[in-house]
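Below is one structure, written out as structure tokens; the observations come after it.
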Amino acid sequence: GSGVLGTNTVRGQGSIRKAASFYELFATAAAFDLSNSGLSMIPLGSGSYLVVPASVPFVAPSAAAVPLSLANDAQTTVTLASPFPHATGSTSSLVVCSNGFVSVATGNGTGATPAAATMLNAPQTAWWAWHNYNPAAAGGGVVKFEQLGSTSYVTWDGVWDSGGTSAANASTFQFQFDRASGAVHVVFQTMSALGNGYLVGYSPGGPSTNHGSRDLS
């Protein structure tokens with residue numbers, strides 16, 4: 001018959017891809033380069049975040065901040081003053097792991113060794129600054145929880161590495177969950193260059209494609 005014959009040639013994967021997860025894996029603590037910096041995850045309204053340099057400062061815990069009773073490699077649940085809308089839903093509580101990650105529910109475990117595959121396949125949506133911390137170490141700091149206005153703060157306040165023996169093992173950083181906007185901020189202060197490696201990032205619950213470690217700095 002008459003007409004125009006159309007053809008199609010496959011030339012591989014397109015150049016534009018959307019990643020559900022992101023992370024940077026630091027193989028050693030000494031390689032960590034995010035001290036005194038941070039990142040903000042701004043909701044785009046489509047189940048995804050725009051990730052930019054931190055748009056908020058670190059907020060030092062007040063005298064009213066609640067120390068969380070966390071043993072080494074342990075977790076606890078905190079109740080939010082109002083629901084927090086995140087990229088994959090909403091939650092009225094958060095699960096805080098001593099090893100530097102916060103999840104929307106239990107199920108992500110309390111592992112101490114940062115691994116990209118574990119994060120990317122975690123069953124629960126979570127935000128990660130993963131490292132082997134021990135808030136129960138004698139002489140070290142603790143994890144604190146505080147809610148001011150519409151923001152919930154989870155702060156590792158001078159928490160030592162597991163096996164740490166001095167203040168050189170202390171790390172101070174903070175997750176800020178803005179319950180009004182759904183934004184999440186991770187703000188680092190001085191971080192330990194000792195102990196095992198770090199993994200910083202975000203992943204929604206369930207399997208995510210591994211797009212590789214990114215230079216967040």
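Convention: chains lettered A, B, ... in structure tokens order; per-chain residue numbering from 1; ligands numbered from 1 as shown.
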#### Entry: DSSP-assigned strand (DSSP E) members of chain A, reported as a PyMOL selection string
chain A and resi 22-26+38-43+49-53+66-67+75-86+89-97+101-103+126-130+142-148+151-160+170-178+184-188+198-203
#### Entry: Spatial neighbours of range 43-45 of chain A, max dist 9 Å, only C-alpha atoms, sep filter under 4 positions, as a list in words
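Selected residues are Tyr49, Leu50, Val51, His86, Ala87, Ser181, Gly182, Ala183 and Val184 of chain A.
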Since we have the selection now, will you write its residues out, keeping N, CA, C and O atoms, as a PDB file, in the first residue's frame?
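Heads up, here's the output in out.pdb:
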```pdb
ATOM      1  N   TYR A  49      12.675  14.600  45.797  1.00  0.00           N
ATOM      2  CA  TYR A  49      13.317  15.734  46.446  1.00  0.00           C
ATOM      3  C   TYR A  49      14.235  16.469  45.476  1.00  0.00           C
ATOM      4  O   TYR A  49      14.849  15.860  44.597  1.00  0.00           O
ATOM      5  N   LEU A  50      14.353  17.760  45.703  1.00  0.00           N
ATOM      6  CA  LEU A  50      15.456  18.540  45.154  1.00  0.00           C
ATOM      7  C   LEU A  50      16.492  18.622  46.263  1.00  0.00           C
ATOM      8  O   LEU A  50      16.190  19.078  47.366  1.00  0.00           O
ATOM      9  N   VAL A  51      17.707  18.165  45.996  1.00  0.00           N
ATOM     10  CA  VAL A  51      18.754  18.135  47.014  1.00  0.00           C
ATOM     11  C   VAL A  51      19.733  19.276  46.754  1.00  0.00           C
ATOM     12  O   VAL A  51      20.315  19.388  45.672  1.00  0.00           O
ATOM     13  N   HIS A  86       6.309  12.929  54.128  1.00  0.00           N
ATOM     14  CA  HIS A  86       7.564  12.653  53.433  1.00  0.00           C
ATOM     15  C   HIS A  86       7.292  12.251  51.993  1.00  0.00           C
ATOM     16  O   HIS A  86       6.130  12.222  51.554  1.00  0.00           O
ATOM     17  N   ALA A  87       8.352  11.943  51.265  1.00  0.00           N
ATOM     18  CA  ALA A  87       8.214  11.733  49.823  1.00  0.00           C
ATOM     19  C   ALA A  87       7.346  10.544  49.462  1.00  0.00           C
ATOM     20  O   ALA A  87       6.819  10.467  48.346  1.00  0.00           O
ATOM     21  N   SER A 181       6.521  21.603  55.881  1.00  0.00           N
ATOM     22  CA  SER A 181       6.859  21.561  54.459  1.00  0.00           C
ATOM     23  C   SER A 181       7.232  20.176  53.958  1.00  0.00           C
ATOM     24  O   SER A 181       7.193  19.911  52.754  1.00  0.00           O
ATOM     25  N   GLY A 182       7.625  19.286  54.866  1.00  0.00           N
ATOM     26  CA  GLY A 182       8.103  17.971  54.450  1.00  0.00           C
ATOM     27  C   GLY A 182       9.583  17.939  54.114  1.00  0.00           C
ATOM     28  O   GLY A 182      10.115  16.894  53.731  1.00  0.00           O
ATOM     29  N   ALA A 183      10.263  19.070  54.258  1.00  0.00           N
ATOM     30  CA  ALA A 183      11.699  19.115  53.971  1.00  0.00           C
ATOM     31  C   ALA A 183      12.483  18.376  55.055  1.00  0.00           C
ATOM     32  O   ALA A 183      12.076  18.317  56.216  1.00  0.00           O
ATOM     33  N   VAL A 184      13.619  17.809  54.657  1.00  0.00           N
ATOM     34  CA  VAL A 184      14.534  17.156  55.588  1.00  0.00           C
ATOM     35  C   VAL A 184      15.911  17.773  55.391  1.00  0.00           C
ATOM     36  O   VAL A 184      16.394  17.908  54.265  1.00  0.00           O
TER      37      VAL A 184
END
```
Fewer than 3 positions away in the same chain doesn't count, so skip those; otherwise give me all residues within 8 Å of Ser35 in chain A, counting only C-alpha atoms, as a PDB file with C-alpha atoms, in the first residue's frame.
```pdb
ATOM      1  CA  PHE A  32      34.510  11.965  55.033  1.00  0.00           C
ATOM      2  CA  GLY A  38      25.073  19.798  55.150  1.00  0.00           C
ATOM      3  CA  PHE A 188      27.036  18.256  60.111  1.00  0.00           C
ATOM      4  CA  GLN A 189      29.355  19.812  62.655  1.00  0.00           C
ATOM      5  CA  THR A 190      32.713  18.251  63.563  1.00  0.00           C
ATOM      6  CA  MET A 191      32.720  14.574  62.615  1.00  0.00           C
TER       7      MET A 191
END
```
### Message
I'd like to know which of A:Ile42, A:Val95, A:Ala126, A:Ala193 is closest to Tyr23 in chain A, using only C-alpha atoms.
### Response
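So, comparing all the options, the nearest one is A:Ala126.
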#### Entry: Pick from A:Gly140, A:Pro114, A:Pro135, A:Pro123 nearest to Asn196 in chain A, counting only C-alpha atoms
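Distance minimum relative to Asn196 in chain A lands on A:Pro114.
Comparing A:Ser203, A:Asn132, A:Trp156, A:Ser82 by their smallest distance to Gly47 in chain A, the closest is A:Ser203 (using only C-alpha atoms).
The residue that comes closest to Asn210 in chain A, out of A:Ser93, A:Ser48, A:Ser21, A:Gln147 and on the basis of only C-alpha atoms, is A:Ser21.
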### Message
Taking 4 positions as the minimum chain separation for residues in the same chain, which residues sit within 7 Å of Phe101 in chain A when counting only C-alpha atoms? Answer as a PyMOL selection string.
### Response
chain A and resi 96-97+126-130
### Message
If DSSP is run on the backbone, what residues of range 6-212 of chain A are alpha helix (DSSP H)? A reply as a ChimeraX atom specification would be ideal.
### Response
/A:116-120
Once you have the residues from the selection above, write them out as a PDB file, in the first residue's frame, restricted to N, CA and C atoms.
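Result file is selection.pdb:
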```pdb
ATOM      1  N   ALA A 116      25.901   0.258  50.575  1.00  0.00           N
ATOM      2  CA  ALA A 116      24.946   0.845  49.640  1.00  0.00           C
ATOM      3  C   ALA A 116      23.797  -0.107  49.335  1.00  0.00           C
ATOM      4  N   ALA A 117      24.105  -1.375  49.123  1.00  0.00           N
ATOM      5  CA  ALA A 117      23.047  -2.338  48.774  1.00  0.00           C
ATOM      6  C   ALA A 117      22.027  -2.456  49.893  1.00  0.00           C
ATOM      7  N   THR A 118      22.489  -2.423  51.136  1.00  0.00           N
ATOM      8  CA  THR A 118      21.572  -2.522  52.269  1.00  0.00           C
ATOM      9  C   THR A 118      20.655  -1.312  52.314  1.00  0.00           C
ATOM     10  N   MET A 119      21.218  -0.119  52.150  1.00  0.00           N
ATOM     11  CA  MET A 119      20.404   1.089  52.152  1.00  0.00           C
ATOM     12  C   MET A 119      19.397   1.092  51.016  1.00  0.00           C
ATOM     13  N   LEU A 120      19.837   0.731  49.822  1.00  0.00           N
ATOM     14  CA  LEU A 120      18.980   0.804  48.642  1.00  0.00           C
ATOM     15  C   LEU A 120      17.852  -0.223  48.666  1.00  0.00           C
TER      16      LEU A 120
END
```
Contacts of range 49-101 of chain A with range 136-139 of chain A up to 7 Å, shortest pair per row, only C-alpha atoms, as JSON lines:
```
{"residue": "A:Leu70", "atom": "CA", "partner": "A:Ala136", "partner_atom": "CA", "distance": 6.6}
{"residue": "A:Ala71", "atom": "CA", "partner": "A:Ala136", "partner_atom": "CA", "distance": 5.2}
{"residue": "A:Asn72", "atom": "CA", "partner": "A:Ala136", "partner_atom": "CA", "distance": 6.0}
```
Those same residues - all heavy atoms - I'd like them written as a PDB file, in the first residue's frame.
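Final file, result.pdb:
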```pdb
ATOM      1  N   LEU A  70      19.539   4.930  74.064  1.00  0.00           N
ATOM      2  CA  LEU A  70      19.993   4.079  72.967  1.00  0.00           C
ATOM      3  C   LEU A  70      21.252   3.336  73.389  1.00  0.00           C
ATOM      4  O   LEU A  70      22.264   3.950  73.732  1.00  0.00           O
ATOM      5  CB  LEU A  70      20.279   4.928  71.723  1.00  0.00           C
ATOM      6  CG  LEU A  70      19.084   5.351  70.888  1.00  0.00           C
ATOM      7  CD1 LEU A  70      19.490   6.406  69.865  1.00  0.00           C
ATOM      8  CD2 LEU A  70      18.463   4.153  70.183  1.00  0.00           C
ATOM      9  N   ALA A  71      21.206   2.028  73.335  1.00  0.00           N
ATOM     10  CA  ALA A  71      22.393   1.211  73.535  1.00  0.00           C
ATOM     11  C   ALA A  71      23.188   1.179  72.239  1.00  0.00           C
ATOM     12  O   ALA A  71      22.783   1.761  71.216  1.00  0.00           O
ATOM     13  CB  ALA A  71      21.982  -0.198  73.961  1.00  0.00           C
ATOM     14  N   ASN A  72      24.307   0.504  72.248  1.00  0.00           N
ATOM     15  CA  ASN A  72      25.079   0.317  71.023  1.00  0.00           C
ATOM     16  C   ASN A  72      24.283  -0.568  70.062  1.00  0.00           C
ATOM     17  O   ASN A  72      23.691  -1.578  70.470  1.00  0.00           O
ATOM     18  CB  ASN A  72      26.416  -0.340  71.360  1.00  0.00           C
ATOM     19  CG  ASN A  72      27.375  -0.334  70.183  1.00  0.00           C
ATOM     20  OD1 ASN A  72      27.311   0.533  69.322  1.00  0.00           O
ATOM     21  ND2 ASN A  72      28.282  -1.289  70.170  1.00  0.00           N
TER      22      ASN A  72
END
```
### Query
Which one is closest to Ala112 in chain A: A:Gly197, A:Gly205, A:Pro83, A:Lys18? Count only C-alpha atoms.
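Of all the options, A:Gly197 lies closest to Ala112 in chain A.
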### Point-to-point distance in Å for CA of Ser152 in chain A and CA of Thr28 in chain A
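The value is 30.0 Å.
Closest approach to Ala27 in chain A from the set A:Thr113, A:Gly212, A:Gly141, A:Ser171 is made by A:Thr113, with distances taken over only C-alpha atoms.
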